[in-house]
Amino acid sequence: MASDILLYNVNKVFIGKDQLQHIEISRKIASIFNYKIKNIFEIPEGKTKEYYMSIPGTDGKKMSKSRNNIIDIFSSNEKIKKQIMSIKTDNKLIKEKKDPKNDNIFSLYKLFAEKKKIQKIKRIYLSGNFSYLDIKKKLYKEIIEKFSLERKKFKYYMNNINFLEKTLLDNAKYVRKITKKTIKNVRKSLLFK
């Protein structure tokens with residue numbers, strides 16, 4: 001991962017909390033190289049958002065495709081609904097108050113909804129007399145609305161594969177220029193030391 005970061009000579013890398021060690025290793029390698037050989041690499045800085053540090057999956061554990069506990073925003077409405085409806089909840093009765101701090105549905109809902117809506121749902125949790133099904137429906141609606149533009153774009157690209165492939169090839173050429181320059185600078189600096 002350090003080579004992936006340093007090769008492109010970037011100074012900001014957007015990462016999740018579980019990837020901080022990769023940034024630290026990259027920083028250390030870049031610093032040692034810059035100090036001992038030649039000042040070539042940017043010292044990368046990891047950027048994380050505390051709010052998004054750990055996103056719970058439908059099973060309450062960290063969301064991961066390999067755990068199959070994701071909500072695939074680019075799948076069909078029916079599949080998204082099925083994934084949301086599978087979110088694990090406690091077994092409290094409808095009339096009971098619920099704790100939004102320890103609830104998977106609420107944790108996901110607050111990632112997508114506006115502050116005003118989040119506060120409203122929080123009050124519902126604290127007052128009780130609602131079913132988790134109601135909140136799951138609200139989460140589904142938020143996700144569909146929040147990602148409507150991205151879903152349209154995804155559908156467009158999937159229906160225009162030739163355009164997508166051309167775009168990817170053009171970007172690969174651009175990135176290749178950056179990486180060749182970095183490798184050339186590293187080799188050149190190592191030859192003169």
# chains A, B, ... in the order shown; residues from 1 in each chain; ligands from 1

call {"tool": "select_by_dssp", "arguments": {"residues": "chain A", "states": "strand (DSSP E)", "output": "PyMOL selection string"}}
result
chain A and resi 12-14+45-47

call {"tool": "write_last_selection", "arguments": {"atoms": "C-alpha atoms", "output": "short mmCIF file (atom, residue, chain, number, x, y, z; two decimals), in the first residue's frame"}}
result
data_model
loop_
_atom_site.label_atom_id
_atom_site.label_comp_id
_atom_site.auth_asym_id
_atom_site.auth_seq_id
_atom_site.Cartn_x
_atom_site.Cartn_y
_atom_site.Cartn_z
CA LYS A 12 -3.46 13.90 0.98
CA VAL A 13 -4.94 10.42 1.10
CA PHE A 14 -8.55 9.86 2.12
CA GLU A 45 -1.16 12.94 5.19
CA GLY A 46 -4.11 10.71 5.97
CA LYS A 47 -7.49 12.37 5.94
#

call {"tool": "select_by_dssp", "arguments": {"residues": "stretch 37-151 of chain A", "states": "helix (DSSP H, G or I)", "output": "JSON, numbers by chain"}}
result
{"A": [50, 51, 52, 65, 66, 67, 77, 78, 79, 80, 81, 82, 83, 84, 85, 100, 101, 102, 104, 105, 106, 107, 108, 109, 110, 111, 112, 115, 116, 117, 118, 119, 120, 121, 122, 123, 124, 125, 126, 127, 132, 133, 134, 135, 136, 137, 138, 139, 140, 141, 142, 143, 144, 145, 146, 148, 149, 150, 151]}

call {"tool": "atom_distance", "arguments": {"atom1": "atom CA of A:Asn171", "atom2": "atom CA of A:Val186"}}
result
22.9 Å

call {"tool": "residues_around", "arguments": {"residues": "A:Phe154", "least_positions_apart": "3", "cutoff": "12 Å", "atoms": "only C-alpha atoms", "output": "count of residues only"}}
result
15

call {"tool": "residues_around", "arguments": {"residues": "A:Asp90", "least_positions_apart": "4", "cutoff": "10 Å", "atoms": "only C-alpha atoms", "output": "PyMOL selection string"}}
result
chain A and resi 98+102-104+132

call {"tool": "atom_distance", "arguments": {"atom1": "atom CA of A:Thr179", "atom2": "atom CA of A:Ile15"}}
result
20.8 Å
